[in-house]
Amino acid sequence: MCGIVGYLGAREAAPIVVEGLRRLEYRGYDSSGVAVLNGGIQVRREVGKLSGLVGLLAAEPVHGAVGMGHTRWATHGEPSVRNAHPHVGAAGEVAVVHNGIVENFLELKAELEAEGVPFASDTDTEVIVHLVERYLGGGATLEEAARQTFTRLQGAQAVVVMSTREPDRLVVTRIGNAGGVTLGIGDGEMFIASDMPAIVEHTRRVVYLESRQMAVVTRDGYRVTTLAGAPVRPEIHVVPFDAVSAEKGEYKHFMQKEIHEQGRALTDALRGRVDFTTGAVSLPDLNLTPERARSINRIVIVACGTSYYAGLVGRTYLEKLTRLPVQVEIGSEVRYADPLLDANTAVLAITQSGETVDTLAAMEAARERGALLWTIVNNVGSEARRIADGYISLNAGPEIGVASTKAFTASVACQLLLALHLAQLRGAAPDPALAHDLARLPDLVGQTLEREDATRALAETLFEYRHALYLGRGLQMPIALEGALKLKEISYIHAEGYPAGEMKHGPIALIDREMPVVCLTLRDGVRDKMLSQIEQAKARGGRVIAVATDGDDLIASKADHVLWVPPTPDLLAPIVAVVPLQLLAYHIAVRRGTDVDQPRNLAKSVTVE
């Protein structure tokens, strides 16, 4: 949930930067800092709330008209002053703030250490500042040094660089979907922010960087290029001066924004919880000891709606990694059953709001029977958080759209972390390979989001249909259910999700030329079985839309349309595969003219039975 703010102009930078960071506090963070240019680079960093940084600046002020700041949620390295941003290079000539995960930081760090570069933190970010200093030392300009550095980074990133060598400018890039980068255009001053609310009080004229673009920003303006150096003429947007429009930024609806925030939300779900070197997972808020973990003999997941489908994915994670039996129950049904729960049962409640009455009732039933009670929740001030024995915060940030998107993928990721953590407490060794895969996850989602135009075009051909069938097997079966739910919720098209193998046991009777069939056919252990479902649907006149892995020519030859996703490890594939289904539902709903963010008859938090 990192926030970035930058300023260049005639005013004091630090107060503007800090106030911008304050407007991004809703994202959550564990440390913060600012850097200001004034002859040298003046840095102030503090752990904890922004108020601590404000106090530090009052005691030790910094002055200058060019500066940048950052709120950090730890990924690599514990929350501490030494790990807080901004980071400064060994020569003291370059400072950097950064959102995202540098997937190849271990290789870059080893390369730099072999050259004798000293590291002062445990972060992945520090490799960026040292690379920029290295290229500057070789005679490059700041723009050239930044470009050379940015092209070496793997994963989704947003980076801002400043240097004493060229103190009149900041260089900023966006790579993938680690978060947005907004340039604010003022009168003799410029602003940089990771989200529009940080700068809306200063300007309404903004430019949004696209993936793999970078900008050189001075107080008098900006110049945008691709990372390859090709010039770009970005559109200048004029944002209406109201809070809602500011929050939406470059997007038409909150739902679209939240779909695109999933790379950042997943990064924030992983922050501080995974050691990407060793594979160790830590979930301290779960309040679970190794002894208590070993006493658990069964897990019951309770949830409603989208969270229920997330729980179906989580069941596979937990059973595969912990070898404990897991069942998933719809929260509204638990209160009417007599659930078999005891002190050796762990009950996991999944709820975005933490106030869903049916899920709370299921949690109360678990408490009455003495079960260990956990929750995965986005709102940590909620009732679910208060009554649970331990919790995992989604760290997804506010989700305004009624139809859940980023909370769904974050909750799936958190269940994988829970499975890894529980397995390790019960004696399993950490898995560095899986940790490496997790580090790549935000970028894989980002790559999928970059294909939105193809999904928008497909929606133009589907929006008039009245029914749809979604099919999946294994880990993709819950994604079929979730994809169908998204279409129902916001487009009002009747859609059903089914286990693909069950199609022949009834739903196949519905398939004809008026029934689009969405098939999840990624390259995994059940892909060949899914080919059979495509053949059966095509034989009955169905129009098949496949979600498939890049380069799968056989699927392309069988389906009428394909939504492509990058190659993804099997355990992470559900998180990537759901993204095109979210986008498809969104663009169909937009084309049908429905109220996407507030669909009829639905509420964000269901607090009545």
# chains A, B, ... in the order shown; residues from 1 in each chain; ligands from 1

call {"tool": "select_by_dssp", "arguments": {"residues": "region 77-188 of chain A", "states": "strand (DSSP E)", "output": "list in words"}}
result
His87, Val88, Val94, Ala95, Val96, Val97, His98, Asn99, Gly100, Gln157, Ala158, Val159, Val160, Val161, Met162, Ser163, Arg169, Leu170, Val171, Val172, Thr173, Arg174, Ile175, Thr182, Leu183, Gly184 and Ile185 of chain A

call {"tool": "write_last_selection", "arguments": {"atoms": "C-alpha atoms", "output": "compact mmCIF listing (two decimals), in the first residue's frame"}}
result
# COMPACT_ATOMS: atom_id res chain seq x y z
CA HIS A 87 16.97 5.23 -0.13
CA VAL A 88 20.21 7.07 -0.91
CA VAL A 94 21.00 9.67 -5.81
CA ALA A 95 17.76 9.03 -3.90
CA VAL A 96 14.94 6.70 -4.86
CA VAL A 97 11.38 5.89 -3.78
CA HIS A 98 9.74 2.76 -5.12
CA ASN A 99 6.48 0.81 -5.20
CA GLY A 100 6.44 -2.85 -6.23
CA GLN A 157 7.37 -1.13 -10.46
CA ALA A 158 6.76 2.56 -9.91
CA VAL A 159 10.00 4.47 -9.26
CA VAL A 160 11.00 8.10 -8.73
CA VAL A 161 14.68 9.13 -8.89
CA MET A 162 16.42 12.39 -7.89
CA SER A 163 20.09 13.33 -8.04
CA ARG A 169 14.45 17.39 -12.19
CA LEU A 170 12.90 14.10 -11.10
CA VAL A 171 12.74 11.00 -13.29
CA VAL A 172 9.76 8.68 -12.81
CA THR A 173 8.60 5.44 -14.41
CA ARG A 174 5.70 3.03 -14.35
CA ILE A 175 6.38 -0.58 -15.26
CA THR A 182 0.16 10.61 -12.04
CA LEU A 183 1.88 13.81 -13.14
CA GLY A 184 0.13 16.95 -11.89
CA ILE A 185 0.59 20.10 -13.96

call {"tool": "select_by_dssp", "arguments": {"residues": "region 523-583 of chain A", "states": "helix (DSSP H, G or I)", "output": "NGL selection string"}}
result
:A and (527-539 or 553-558 or 570-583)

call {"tool": "write_last_selection", "arguments": {"atoms": "N, CA and C atoms", "output": "tab-separated table (two decimals), in the first residue's frame"}}
result
chain	number	residue	atom	x	y	z
A	527	ARG	N	-6.00	-29.37	-18.43
A	527	ARG	CA	-6.24	-28.67	-19.70
A	527	ARG	C	-6.78	-29.60	-20.78
A	528	ASP	N	-6.25	-30.82	-20.88
A	528	ASP	CA	-6.73	-31.75	-21.90
A	528	ASP	C	-8.18	-32.13	-21.66
A	529	LYS	N	-8.57	-32.25	-20.40
A	529	LYS	CA	-9.98	-32.53	-20.08
A	529	LYS	C	-10.87	-31.37	-20.54
A	530	MET	N	-10.36	-30.13	-20.38
A	530	MET	CA	-11.15	-28.97	-20.80
A	530	MET	C	-11.33	-28.92	-22.31
A	531	LEU	N	-10.37	-29.47	-23.05
A	531	LEU	CA	-10.54	-29.54	-24.50
A	531	LEU	C	-11.79	-30.32	-24.87
A	532	SER	N	-12.06	-31.37	-24.12
A	532	SER	CA	-13.27	-32.16	-24.36
A	532	SER	C	-14.53	-31.33	-24.16
A	533	GLN	N	-14.52	-30.46	-23.13
A	533	GLN	CA	-15.70	-29.62	-22.90
A	533	GLN	C	-15.92	-28.64	-24.06
A	534	ILE	N	-14.80	-28.11	-24.59
A	534	ILE	CA	-14.92	-27.21	-25.73
A	534	ILE	C	-15.53	-27.93	-26.92
A	535	GLU	N	-15.05	-29.15	-27.18
A	535	GLU	CA	-15.58	-29.92	-28.31
A	535	GLU	C	-17.07	-30.19	-28.14
A	536	GLN	N	-17.48	-30.54	-26.93
A	536	GLN	CA	-18.89	-30.83	-26.70
A	536	GLN	C	-19.76	-29.58	-26.86
A	537	ALA	N	-19.27	-28.46	-26.39
A	537	ALA	CA	-20.03	-27.21	-26.53
A	537	ALA	C	-20.13	-26.81	-28.00
A	538	LYS	N	-19.02	-26.93	-28.73
A	538	LYS	CA	-19.03	-26.56	-30.14
A	538	LYS	C	-19.95	-27.46	-30.95
A	539	ALA	N	-20.01	-28.73	-30.59
A	539	ALA	CA	-20.86	-29.67	-31.32
A	539	ALA	C	-22.33	-29.32	-31.20
A	553	ASP	N	-1.81	-22.86	-29.29
A	553	ASP	CA	-2.42	-22.82	-30.62
A	553	ASP	C	-3.59	-23.79	-30.75
A	554	LEU	N	-3.53	-24.92	-30.04
A	554	LEU	CA	-4.61	-25.88	-30.15
A	554	LEU	C	-5.91	-25.30	-29.59
A	555	ILE	N	-5.83	-24.64	-28.44
A	555	ILE	CA	-7.02	-24.00	-27.89
A	555	ILE	C	-7.54	-22.94	-28.86
A	556	ALA	N	-6.62	-22.16	-29.43
A	556	ALA	CA	-7.02	-21.11	-30.36
A	556	ALA	C	-7.75	-21.68	-31.57
A	557	SER	N	-7.37	-22.87	-31.99
A	557	SER	CA	-8.01	-23.48	-33.16
A	557	SER	C	-9.40	-24.03	-32.84
A	558	LYS	N	-9.66	-24.30	-31.58
A	558	LYS	CA	-10.94	-24.89	-31.19
A	558	LYS	C	-11.97	-23.84	-30.77
A	570	ASP	N	0.84	-23.28	-11.47
A	570	ASP	CA	-0.51	-23.80	-11.25
A	570	ASP	C	-1.18	-23.23	-10.01
A	571	LEU	N	-0.45	-23.16	-8.88
A	571	LEU	CA	-1.08	-22.70	-7.65
A	571	LEU	C	-1.54	-21.25	-7.75
A	572	LEU	N	-0.88	-20.45	-8.57
A	572	LEU	CA	-1.21	-19.04	-8.68
A	572	LEU	C	-2.17	-18.76	-9.84
A	573	ALA	N	-2.40	-19.75	-10.68
A	573	ALA	CA	-3.20	-19.54	-11.88
A	573	ALA	C	-4.62	-19.02	-11.62
A	574	PRO	N	-5.31	-19.44	-10.54
A	574	PRO	CA	-6.65	-18.89	-10.32
A	574	PRO	C	-6.65	-17.36	-10.18
A	575	ILE	N	-5.62	-16.82	-9.55
A	575	ILE	CA	-5.56	-15.37	-9.33
A	575	ILE	C	-5.39	-14.64	-10.65
A	576	VAL	N	-4.63	-15.21	-11.56
A	576	VAL	CA	-4.42	-14.59	-12.87
A	576	VAL	C	-5.64	-14.81	-13.78
A	577	ALA	N	-6.20	-16.01	-13.75
A	577	ALA	CA	-7.29	-16.35	-14.67
A	577	ALA	C	-8.57	-15.57	-14.41
A	578	VAL	N	-8.79	-15.13	-13.18
A	578	VAL	CA	-10.02	-14.41	-12.88
A	578	VAL	C	-10.01	-13.01	-13.46
A	579	VAL	N	-8.84	-12.45	-13.74
A	579	VAL	CA	-8.75	-11.05	-14.17
A	579	VAL	C	-9.47	-10.81	-15.50
A	580	PRO	N	-9.25	-11.62	-16.56
A	580	PRO	CA	-10.00	-11.37	-17.78
A	580	PRO	C	-11.50	-11.55	-17.61
A	581	LEU	N	-11.93	-12.40	-16.68
A	581	LEU	CA	-13.36	-12.56	-16.44
A	581	LEU	C	-13.94	-11.33	-15.76
A	582	GLN	N	-13.18	-10.73	-14.85
A	582	GLN	CA	-13.61	-9.47	-14.24
A	582	GLN	C	-13.75	-8.38	-15.30
A	583	LEU	N	-12.74	-8.27	-16.16
A	583	LEU	CA	-12.77	-7.25	-17.20
A	583	LEU	C	-13.89	-7.50	-18.20

call {"tool": "residues_around", "arguments": {"residues": "Pro290 (chain A)", "least_positions_apart": "4", "cutoff": "9 Å", "atoms": "only C-alpha atoms", "output": "list in words"}}
result
Arg294, Ser295, Leu422, Gln424, Leu425, Arg426 and Gly427 of chain A

call {"tool": "closest_residue", "arguments": {"among": "A:Gly541, A:Gly474, A:Gly593, A:Pro398", "to": "Glu25 (chain A)", "atoms": "only C-alpha atoms"}}
result
A:Pro398

call {"tool": "residues_around", "arguments": {"residues": "Tyr29 (chain A)", "least_positions_apart": "6", "cutoff": "10 Å", "atoms": "only C-alpha atoms", "output": "number ranges by chain"}}
result
A: 1-3, 47-50, 70-74, 79, 268, 395

call {"tool": "residues_around", "arguments": {"residues": "Ala439 (chain A)", "least_positions_apart": "2", "cutoff": "10 Å", "atoms": "only C-alpha atoms", "output": "list in words"}}
result
Thr75, Gly100, Ile101, Val102, Glu103, Asn104, Gly155, Ala156, Leu266, Thr267, Leu270, Arg271, Val274, Asp275, Phe276, Ala433, Leu434, Ala435, His436, Asp437, Leu441, Pro442, Asp443 and Leu444 of chain A

call {"tool": "write_last_selection", "arguments": {"atoms": "C-alpha atoms", "output": "PDB file, in the first residue's frame"}}
result
ATOM      1  CA  THR A  75       8.158  -6.464   1.667  1.00  0.00           C
ATOM      2  CA  GLY A 100       6.436  -2.854  -6.226  1.00  0.00           C
ATOM      3  CA  ILE A 101       8.772  -5.831  -5.985  1.00  0.00           C
ATOM      4  CA  VAL A 102      12.076  -6.130  -7.852  1.00  0.00           C
ATOM      5  CA  GLU A 103      11.799  -9.803  -8.744  1.00  0.00           C
ATOM      6  CA  ASN A 104      15.448 -10.132  -9.739  1.00  0.00           C
ATOM      7  CA  GLY A 155       8.407  -7.168 -12.112  1.00  0.00           C
ATOM      8  CA  ALA A 156       5.863  -4.398 -11.696  1.00  0.00           C
ATOM      9  CA  LEU A 266      -1.398  -8.367  -4.195  1.00  0.00           C
ATOM     10  CA  THR A 267       1.950  -6.738  -3.505  1.00  0.00           C
ATOM     11  CA  LEU A 270       2.493 -10.191   0.449  1.00  0.00           C
ATOM     12  CA  ARG A 271       4.368  -7.316   2.090  1.00  0.00           C
ATOM     13  CA  VAL A 274       7.038 -13.661   2.783  1.00  0.00           C
ATOM     14  CA  ASP A 275      10.813 -13.950   2.875  1.00  0.00           C
ATOM     15  CA  PHE A 276      11.410 -14.135  -0.863  1.00  0.00           C
ATOM     16  CA  ALA A 433      10.693 -21.700  -5.327  1.00  0.00           C
ATOM     17  CA  LEU A 434       7.093 -20.948  -4.390  1.00  0.00           C
ATOM     18  CA  ALA A 435       8.205 -17.719  -2.732  1.00  0.00           C
ATOM     19  CA  HIS A 436       9.862 -16.728  -5.998  1.00  0.00           C
ATOM     20  CA  ASP A 437       6.614 -17.464  -7.810  1.00  0.00           C
ATOM     21  CA  LEU A 441       2.465 -12.718  -9.036  1.00  0.00           C
ATOM     22  CA  PRO A 442       1.738  -8.947  -9.120  1.00  0.00           C
ATOM     23  CA  ASP A 443       3.536  -8.650 -12.441  1.00  0.00           C
ATOM     24  CA  LEU A 444       1.682 -11.624 -13.932  1.00  0.00           C
TER      25      LEU A 444
END

call {"tool": "closest_residue", "arguments": {"among": "A:Arg147, A:Arg204, A:Arg369, A:Arg385", "to": "Thr225 (chain A)", "atoms": "only C-alpha atoms"}}
result
A:Arg147

call {"tool": "residues_around", "arguments": {"residues": "Ala546 (chain A)", "least_positions_apart": "4", "cutoff": "8 Å", "atoms": "only C-alpha atoms", "output": "MDAnalysis selection string"}}
result
chainID A and resid 518:521 555 559:563

call {"tool": "atom_distance", "arguments": {"atom1": "CA of Ile330 (chain A)", "atom2": "CA of Thr345 (chain A)"}}
result
17.0 Å

call {"tool": "residues_around", "arguments": {"residues": "His76 (chain A)", "least_positions_apart": "2", "cutoff": "7 Å", "atoms": "only C-alpha atoms", "output": "mmCIF file with C-alpha atoms, in the first residue's frame"}}
result
data_model
loop_
_atom_site.group_PDB
_atom_site.id
_atom_site.type_symbol
_atom_site.label_atom_id
_atom_site.label_comp_id
_atom_site.auth_asym_id
_atom_site.auth_seq_id
_atom_site.Cartn_x
_atom_site.Cartn_y
_atom_site.Cartn_z
ATOM 1 C CA ALA A 74 7.418 -3.732 4.181
ATOM 2 C CA GLU A 78 11.353 -5.454 8.641
ATOM 3 C CA ASP A 122 17.507 -5.218 3.637
ATOM 4 C CA THR A 123 15.262 -3.929 0.844
ATOM 5 C CA ASP A 124 14.999 -4.834 -2.816
ATOM 6 C CA GLY A 272 6.274 -8.253 5.206
#

call {"tool": "closest_residue", "arguments": {"among": "A:Arg23, A:Lys248, A:Arg466, A:Lys109", "to": "Ser121 (chain A)", "atoms": "only C-alpha atoms"}}
result
A:Lys109

call {"tool": "closest_residue", "arguments": {"among": "A:Asp285, A:Glu368, A:Asp168, A:Glu333", "to": "Leu394 (chain A)", "atoms": "only C-alpha atoms"}}
result
A:Asp285

call {"tool": "decode", "arguments": {"residues": "region 591-604 of chain A", "atoms": "all heavy atoms", "output": "short mmCIF file (atom, residue, chain, number, x, y, z; two decimals), in the first residue's frame"}}
result
data_model
loop_
_atom_site.label_atom_id
_atom_site.label_comp_id
_atom_site.auth_asym_id
_atom_site.auth_seq_id
_atom_site.Cartn_x
_atom_site.Cartn_y
_atom_site.Cartn_z
N ARG A 591 -21.18 -1.60 -21.66
CA ARG A 591 -21.86 -1.56 -22.97
C ARG A 591 -23.38 -1.63 -22.82
O ARG A 591 -24.11 -1.04 -23.63
CB ARG A 591 -21.34 -2.72 -23.83
CG ARG A 591 -21.84 -2.68 -25.26
CD ARG A 591 -21.35 -1.42 -25.97
NE ARG A 591 -21.82 -1.37 -27.35
CZ ARG A 591 -23.03 -0.96 -27.71
NH1 ARG A 591 -23.90 -0.57 -26.79
NH2 ARG A 591 -23.37 -0.94 -28.99
N ARG A 592 -23.85 -2.32 -21.79
CA ARG A 592 -25.30 -2.43 -21.55
C ARG A 592 -25.85 -1.21 -20.80
O ARG A 592 -27.07 -1.09 -20.62
CB ARG A 592 -25.60 -3.71 -20.77
CG ARG A 592 -25.43 -4.97 -21.62
CD ARG A 592 -25.47 -6.23 -20.76
NE ARG A 592 -26.78 -6.46 -20.18
CZ ARG A 592 -27.75 -7.15 -20.74
NH1 ARG A 592 -27.56 -7.66 -21.96
NH2 ARG A 592 -28.90 -7.35 -20.13
N GLY A 593 -24.96 -0.35 -20.32
CA GLY A 593 -25.40 0.88 -19.67
C GLY A 593 -25.89 0.71 -18.26
O GLY A 593 -26.68 1.53 -17.76
N THR A 594 -25.43 -0.32 -17.54
CA THR A 594 -25.87 -0.53 -16.17
C THR A 594 -25.06 0.33 -15.20
O THR A 594 -24.03 0.90 -15.57
CB THR A 594 -25.73 -2.00 -15.77
OG1 THR A 594 -24.34 -2.35 -15.76
CG2 THR A 594 -26.48 -2.91 -16.73
N ASP A 595 -25.51 0.40 -13.97
CA ASP A 595 -24.79 1.13 -12.93
C ASP A 595 -23.72 0.19 -12.37
O ASP A 595 -23.98 -0.60 -11.46
CB ASP A 595 -25.76 1.56 -11.83
CG ASP A 595 -25.12 2.51 -10.82
OD1 ASP A 595 -23.88 2.54 -10.76
OD2 ASP A 595 -25.85 3.19 -10.09
N VAL A 596 -22.53 0.27 -12.92
CA VAL A 596 -21.49 -0.71 -12.63
C VAL A 596 -21.10 -0.72 -11.15
O VAL A 596 -20.98 -1.78 -10.54
CB VAL A 596 -20.25 -0.43 -13.51
CG1 VAL A 596 -19.08 -1.33 -13.08
CG2 VAL A 596 -20.58 -0.67 -14.97
N ASP A 597 -20.89 0.46 -10.58
CA ASP A 597 -20.40 0.52 -9.20
C ASP A 597 -21.47 0.24 -8.16
O ASP A 597 -21.16 -0.21 -7.05
CB ASP A 597 -19.79 1.90 -8.93
CG ASP A 597 -18.43 2.08 -9.58
OD1 ASP A 597 -17.75 1.07 -9.81
OD2 ASP A 597 -18.07 3.23 -9.87
N GLN A 598 -22.72 0.49 -8.50
CA GLN A 598 -23.83 0.27 -7.56
C GLN A 598 -24.96 -0.48 -8.26
O GLN A 598 -26.03 0.07 -8.50
CB GLN A 598 -24.33 1.60 -7.00
CG GLN A 598 -23.28 2.31 -6.16
CD GLN A 598 -23.79 3.62 -5.59
OE1 GLN A 598 -24.32 4.46 -6.30
NE2 GLN A 598 -23.65 3.78 -4.29
N PRO A 599 -24.73 -1.74 -8.60
CA PRO A 599 -25.76 -2.50 -9.31
C PRO A 599 -27.03 -2.66 -8.47
O PRO A 599 -26.98 -2.65 -7.24
CB PRO A 599 -25.09 -3.85 -9.58
CG PRO A 599 -23.95 -3.93 -8.61
CD PRO A 599 -23.51 -2.53 -8.35
N ARG A 600 -28.12 -2.79 -9.16
CA ARG A 600 -29.42 -2.82 -8.50
C ARG A 600 -29.51 -3.96 -7.48
O ARG A 600 -28.95 -5.03 -7.68
CB ARG A 600 -30.54 -2.95 -9.54
CG ARG A 600 -30.57 -4.27 -10.25
CD ARG A 600 -31.54 -4.28 -11.41
NE ARG A 600 -31.63 -5.60 -12.02
CZ ARG A 600 -32.08 -5.84 -13.25
NH1 ARG A 600 -32.48 -4.82 -14.01
NH2 ARG A 600 -32.14 -7.07 -13.71
N ASN A 601 -30.18 -3.67 -6.40
CA ASN A 601 -30.53 -4.65 -5.36
C ASN A 601 -29.35 -5.15 -4.53
O ASN A 601 -29.53 -6.01 -3.66
CB ASN A 601 -31.24 -5.88 -5.96
CG ASN A 601 -32.45 -5.52 -6.78
OD1 ASN A 601 -33.11 -4.51 -6.51
ND2 ASN A 601 -32.76 -6.31 -7.80
N LEU A 602 -28.14 -4.64 -4.78
CA LEU A 602 -26.97 -5.15 -4.08
C LEU A 602 -26.40 -4.09 -3.14
O LEU A 602 -26.56 -2.89 -3.36
CB LEU A 602 -25.88 -5.57 -5.07
CG LEU A 602 -26.22 -6.75 -5.99
CD1 LEU A 602 -25.08 -7.01 -6.96
CD2 LEU A 602 -26.52 -7.99 -5.17
N ALA A 603 -25.71 -4.56 -2.10
CA ALA A 603 -25.03 -3.67 -1.16
C ALA A 603 -23.62 -4.19 -0.93
O ALA A 603 -23.35 -5.39 -1.04
CB ALA A 603 -25.78 -3.61 0.17
N LYS A 604 -22.71 -3.28 -0.59
CA LYS A 604 -21.32 -3.67 -0.38
C LYS A 604 -21.18 -4.53 0.86
O LYS A 604 -20.44 -5.51 0.87
CB LYS A 604 -20.44 -2.42 -0.27
CG LYS A 604 -18.96 -2.72 -0.24
CD LYS A 604 -18.51 -3.37 -1.54
CE LYS A 604 -17.03 -3.65 -1.56
NZ LYS A 604 -16.63 -4.43 -2.76
#
